[in-house]
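The block underneath contains the structure these notes are about, expressed in structure tokens.
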Amino acid sequence: MRLAWLILRKDLTVEVRSGEIAYTTLFFAVACVLIFAFALVREGKPPEDGAAGILWIAVMLAGNLALGRAFERERQAETLRALLLAPAPRPAVYLGKLLGIVVLLAAAEVLLVPLVALLFQARLLAHPIWLTAILAAGTTGFAAVGTLFAAMLVRARSRDVLLPVLLYPITVPVIIAGVRGTAALLQPELEVDIVRFWLALLIAFDAVFVTLSLWTFEAVMTD
Amino acid sequence: MPALKRLVAAAMLAALCTSVPALAAQNPPPKVEEYVPISQLPPEDQLPAAPLLIAAYSFVMIVFFLYVVSLSRRLTNVQRDVDRLGATLKQTSKS
Amino acid sequence: MPKWFFRAAIVCGVMFVASPFVIASADYESTMGLVQKIFYYHMPSAWMFLTSGIVCGVASVRFLMTGDPRHDRLAWAAAEMAVVFGVVTLVTGPLWARKSWGTFWIWDARTTSSLVQWMVAWAYLILRRYGGPGSEKLAAGLALFGTANTAFIYVSVNYWRTIHPPTSVVPKLPFTMGFPLWFCVASFALLFVLLLRMRVRLEEQRATLDSLYLSMDDAR
């Protein structure tokens, strides 16, 4: 576990110094939201309940970009191979990368939630704890699958276009649960049962897929 | 092998050609109790079923036919390369 | 190809030629009439689509655990079967639905889950084709994730409407409708096995070709 923490710190240090991935991802997320605004806002009125969907789409698109960039950097510096050659437990390497992606996406969401709430006149911040829980669970699930696929694609051809091809069908439950859960928070009267159901689904998804990713990372990176 | 593929492909075509008249020669559906003029039925019921049915069956046959053709073509290509390489290897090992 | 293959292929061809006649002898279903006959092709292909997915998932797990290329070949072949049978299912279903439900597509649990899983199978094939060397293990991981995801996709989509007929309709079918169904299931199952065997054979021959190329390089 300490190794995972070290990897996270390494990634964060590199990122804070260069800022490349963070700034580009954040900009892309905001641009995404703007495009949705121009596409969907008619005569100054945003679509009802559109905010939840737009938020999650922006997170997933930006996340896809961030994943690709994060591992591209590893590939160029050959640090991934170095990490794997080191006598370190493989799961720790995976966890470290996963935490890095989650932190990055969390930063994007901190910026996106107020922006979407503002632009689309949605009361996203009405129930902050529930919203944080759903965003956290959904982002972790998306990042868990994404980190594994991005790591495995590092040495593949056409890796940039293959990551979304692999990632989006698998993370369908995340977007369904995330959007529906967030949309339930936007209703004038909060129905806690619905939110709890979607949150439980997301947490189950996280549990299953982080475990599967840890096992598969081990199996695939050993060759 | 290619002869078999042709046989299978021919069987599929035969199925396609025979299925259409077979389905067309269906017994008419049992008579409805009350007389309901067709113009009064909701729009869905007015849609004729036969084109959909024929389209479905034809599609199934065509897809399987095309797939078998594609698969057998790939198989013969690889088989040809294997035979050619095998012959070349045998020659180089003899010489 | 083994001896049984050719005999089985002839049987399969005969069964498919005979199937429209067998289906025509079934009774009309009371509410849906003629168009319900699509069911006799739609349901067996859906079952074969499901079977292909399971075969691919299991073979992928075994490949990840053992590294034996035979499992990888079977997984790739099964994924291709899933795409083919999936296309058949996803086209015959809407054609039937257009008449019986009034619309081509309904976002209910079963149709949407099938579509998503079909896309996973398609993604598998794209990965194998364009991923370059070393994509076998990645593809196996994808298949594993896709199989594990089935329950999640179904549950999450199920919170929307479901119009699909309940599964319990099969045991209650009268014999005149039951026999054509099982006849078609047998035809499709036989077709699945034959196509799978052919596809695996293709991979085996490709592997032979690769090893021959390697021997050529060694011989020089």
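Ordering of the structure tokens sets the chain letters (A, B, ...), residue numbers begin anew at 1 in every chain, and ligands are numbered from 1 in the order given.
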key: Residues within 9 Å of Val22 in chain C, only C-alpha atoms, excluding chain neighbours under 6 positions, as a VMD selection string   = chain C and resid 179 to 180 183 to 184
query = Which chain C residues are at most 9 Å from chain B (counting only C-alpha atoms), as a PyMOL selection string?
reply = chain C and resi 1+6+9-10+12-14+16-21+23-25+28+30+33-38+41-42+84-85+87-89+91-93+95-96+98-103+195+198-199+201-203+205-206+208-209+212-213+215-216+219-220
inquiry  = Using only C-alpha atoms, which protein or nucleic acid residues come within 12 Å of Glu80 in chain C? Drop anything in the same chain fewer than 2 positions from it, and give the result as a PyMOL selection string.
reply    = (chain B and resi 67+71) or (chain C and resi 48-49+52-53+55-56+73-78+82-87+118-126+128-129+192+195-200+203)
query = Counting only C-alpha atoms, what is within 8 Å of Phe142 in chain A, bar same-chain residues fewer than 2 positions away, as a PyMOL selection string?
reply = chain A and resi 60+138-140+144-146+171+174
remark   = One decimal place gives the CA of Val157 in chain C-CA of Ala109 in chain C separation as 4.9 Å
task = Give me, please, the distance in Å between CA of Trp56 in chain A and CA of Val179 in chain A, quoted to one decimal.
result = 6.4 Å
task = Would you kindly report the residues of chain A within 8 Å of chain C, using only C-alpha atoms, as a PyMOL selection string?
result = chain A and resi 149+152-153+155-159+162+165-166+169-170+172-173+176-177+201+205+209+212+216+219-220
Keeping only N, CA and C atoms, write the selected residues as an mmCIF file, in the first residue's frame.
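Ended up saving to again_1.cif:
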data_model
loop_
_atom_site.group_PDB
_atom_site.id
_atom_site.type_symbol
_atom_site.label_atom_id
_atom_site.label_comp_id
_atom_site.auth_asym_id
_atom_site.auth_seq_id
_atom_site.Cartn_x
_atom_site.Cartn_y
_atom_site.Cartn_z
ATOM 1 N N PHE A 149 -7.457 -0.727 -18.721
ATOM 2 C CA PHE A 149 -7.390 -0.789 -20.180
ATOM 3 C C PHE A 149 -6.272 0.090 -20.711
ATOM 4 N N MET A 152 -2.974 -1.583 -20.192
ATOM 5 C CA MET A 152 -2.765 -2.714 -21.087
ATOM 6 C C MET A 152 -2.554 -2.256 -22.514
ATOM 7 N N LEU A 153 -3.102 -1.080 -22.875
ATOM 8 C CA LEU A 153 -2.988 -0.614 -24.255
ATOM 9 C C LEU A 153 -1.678 0.099 -24.531
ATOM 10 N N ARG A 155 1.284 -0.702 -24.907
ATOM 11 C CA ARG A 155 2.164 -1.235 -25.941
ATOM 12 C C ARG A 155 1.417 -1.604 -27.223
ATOM 13 N N ALA A 156 0.141 -1.308 -27.289
ATOM 14 C CA ALA A 156 -0.631 -1.739 -28.459
ATOM 15 C C ALA A 156 -0.593 -0.682 -29.547
ATOM 16 N N ARG A 157 -0.905 -1.119 -30.760
ATOM 17 C CA ARG A 157 -1.084 -0.164 -31.852
ATOM 18 C C ARG A 157 -2.437 0.501 -31.711
ATOM 19 N N SER A 158 -2.637 1.623 -32.365
ATOM 20 C CA SER A 158 -3.934 2.302 -32.385
ATOM 21 C C SER A 158 -4.485 2.505 -30.987
ATOM 22 N N ARG A 159 -3.579 2.727 -30.008
ATOM 23 C CA ARG A 159 -4.064 2.748 -28.631
ATOM 24 C C ARG A 159 -4.995 3.913 -28.372
ATOM 25 N N LEU A 162 -8.427 2.925 -29.563
ATOM 26 C CA LEU A 162 -8.949 1.704 -28.951
ATOM 27 C C LEU A 162 -9.450 1.923 -27.533
ATOM 28 N N VAL A 165 -13.103 2.693 -27.495
ATOM 29 C CA VAL A 165 -13.824 1.524 -28.030
ATOM 30 C C VAL A 165 -14.009 0.477 -26.935
ATOM 31 N N LEU A 166 -12.977 0.283 -26.126
ATOM 32 C CA LEU A 166 -13.067 -0.720 -25.075
ATOM 33 C C LEU A 166 -13.798 -0.180 -23.857
ATOM 34 N N PRO A 169 -18.409 0.730 -23.771
ATOM 35 C CA PRO A 169 -19.403 -0.319 -23.548
ATOM 36 C C PRO A 169 -19.340 -0.900 -22.143
ATOM 37 N N ILE A 170 -18.132 -1.039 -21.604
ATOM 38 C CA ILE A 170 -17.998 -1.655 -20.292
ATOM 39 C C ILE A 170 -18.511 -0.724 -19.204
ATOM 40 N N VAL A 172 -21.010 1.310 -19.270
ATOM 41 C CA VAL A 172 -22.423 1.681 -19.422
ATOM 42 C C VAL A 172 -23.162 1.722 -18.082
ATOM 43 N N PRO A 173 -22.996 0.726 -17.194
ATOM 44 C CA PRO A 173 -23.696 0.811 -15.906
ATOM 45 C C PRO A 173 -23.311 2.058 -15.123
ATOM 46 N N ILE A 176 -25.254 5.020 -16.599
ATOM 47 C CA ILE A 176 -26.686 4.925 -16.290
ATOM 48 C C ILE A 176 -26.917 5.281 -14.828
ATOM 49 N N ALA A 177 -26.164 4.596 -13.944
ATOM 50 C CA ALA A 177 -26.376 4.811 -12.515
ATOM 51 C C ALA A 177 -26.003 6.233 -12.114
ATOM 52 N N LEU A 201 -25.609 0.405 -6.442
ATOM 53 C CA LEU A 201 -25.176 -0.235 -7.692
ATOM 54 C C LEU A 201 -23.765 0.201 -8.055
ATOM 55 N N PHE A 205 -20.474 -2.091 -8.343
ATOM 56 C CA PHE A 205 -19.668 -2.071 -9.562
ATOM 57 C C PHE A 205 -18.199 -1.808 -9.225
ATOM 58 N N PHE A 209 -15.246 -4.453 -9.982
ATOM 59 C CA PHE A 209 -14.306 -4.167 -11.057
ATOM 60 C C PHE A 209 -12.933 -3.739 -10.577
ATOM 61 N N LEU A 212 -11.519 -7.208 -10.037
ATOM 62 C CA LEU A 212 -11.207 -7.842 -11.315
ATOM 63 C C LEU A 212 -9.995 -7.196 -11.966
ATOM 64 N N THR A 216 -6.658 -8.971 -13.103
ATOM 65 C CA THR A 216 -6.303 -8.980 -14.521
ATOM 66 C C THR A 216 -4.986 -8.258 -14.757
ATOM 67 N N ALA A 219 -2.354 -10.666 -14.163
ATOM 68 C CA ALA A 219 -2.273 -11.718 -15.179
ATOM 69 C C ALA A 219 -1.721 -11.182 -16.495
ATOM 70 N N VAL A 220 -2.102 -9.952 -16.832
ATOM 71 C CA VAL A 220 -1.731 -9.450 -18.149
ATOM 72 C C VAL A 220 -0.314 -8.909 -18.163
#
inquiry  = With only C-alpha atoms as the counted atoms, please give the residues lying no more than 10 Å from Gly50 in chain A, apart from itself and same-chain residues fewer than 2 positions off, as a list in words.
reply    =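 Counting only C-alpha atoms, the residues come to Phe36, Ala37, Leu40, Val41, Pro46, Pro47, Glu48, Ala52, Gly53, Ile54, Leu55, Val116, Phe120, Gln121, Ala122, Val179 and Ala183 of chain A.
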key: Interatomic distance (Å, one decimal) between CA of Lys3 in chain C and CA of Leu190 in chain C   =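 Taking CA of Lys3 in chain C as the start and CA of Leu190 in chain C as the end point, the length is 15.2 Å.
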query = Could you name the residues that touch Leu26 in chain A at 6 Å or less, counting only C-alpha atoms, but leaving out those on the same chain fewer than 3 positions away, as a PyMOL selection string?
reply = chain A and resi 23+29+108
With N, CA and C atoms retained, write the just-selected residues as an mmCIF file, in the first residue's frame.
data_model
loop_
_atom_site.group_PDB
_atom_site.id
_atom_site.type_symbol
_atom_site.label_atom_id
_atom_site.label_comp_id
_atom_site.auth_asym_id
_atom_site.auth_seq_id
_atom_site.Cartn_x
_atom_site.Cartn_y
_atom_site.Cartn_z
ATOM 1 N N TYR A 23 -4.300 20.730 -16.906
ATOM 2 C CA TYR A 23 -4.868 21.886 -17.599
ATOM 3 C C TYR A 23 -5.632 21.471 -18.835
ATOM 4 N N ALA A 29 -12.917 19.559 -20.461
ATOM 5 C CA ALA A 29 -14.190 19.351 -19.766
ATOM 6 C C ALA A 29 -15.067 20.594 -19.867
ATOM 7 N N ALA A 108 -11.389 17.839 -11.694
ATOM 8 C CA ALA A 108 -12.234 18.300 -12.800
ATOM 9 C C ALA A 108 -13.672 18.469 -12.340
#
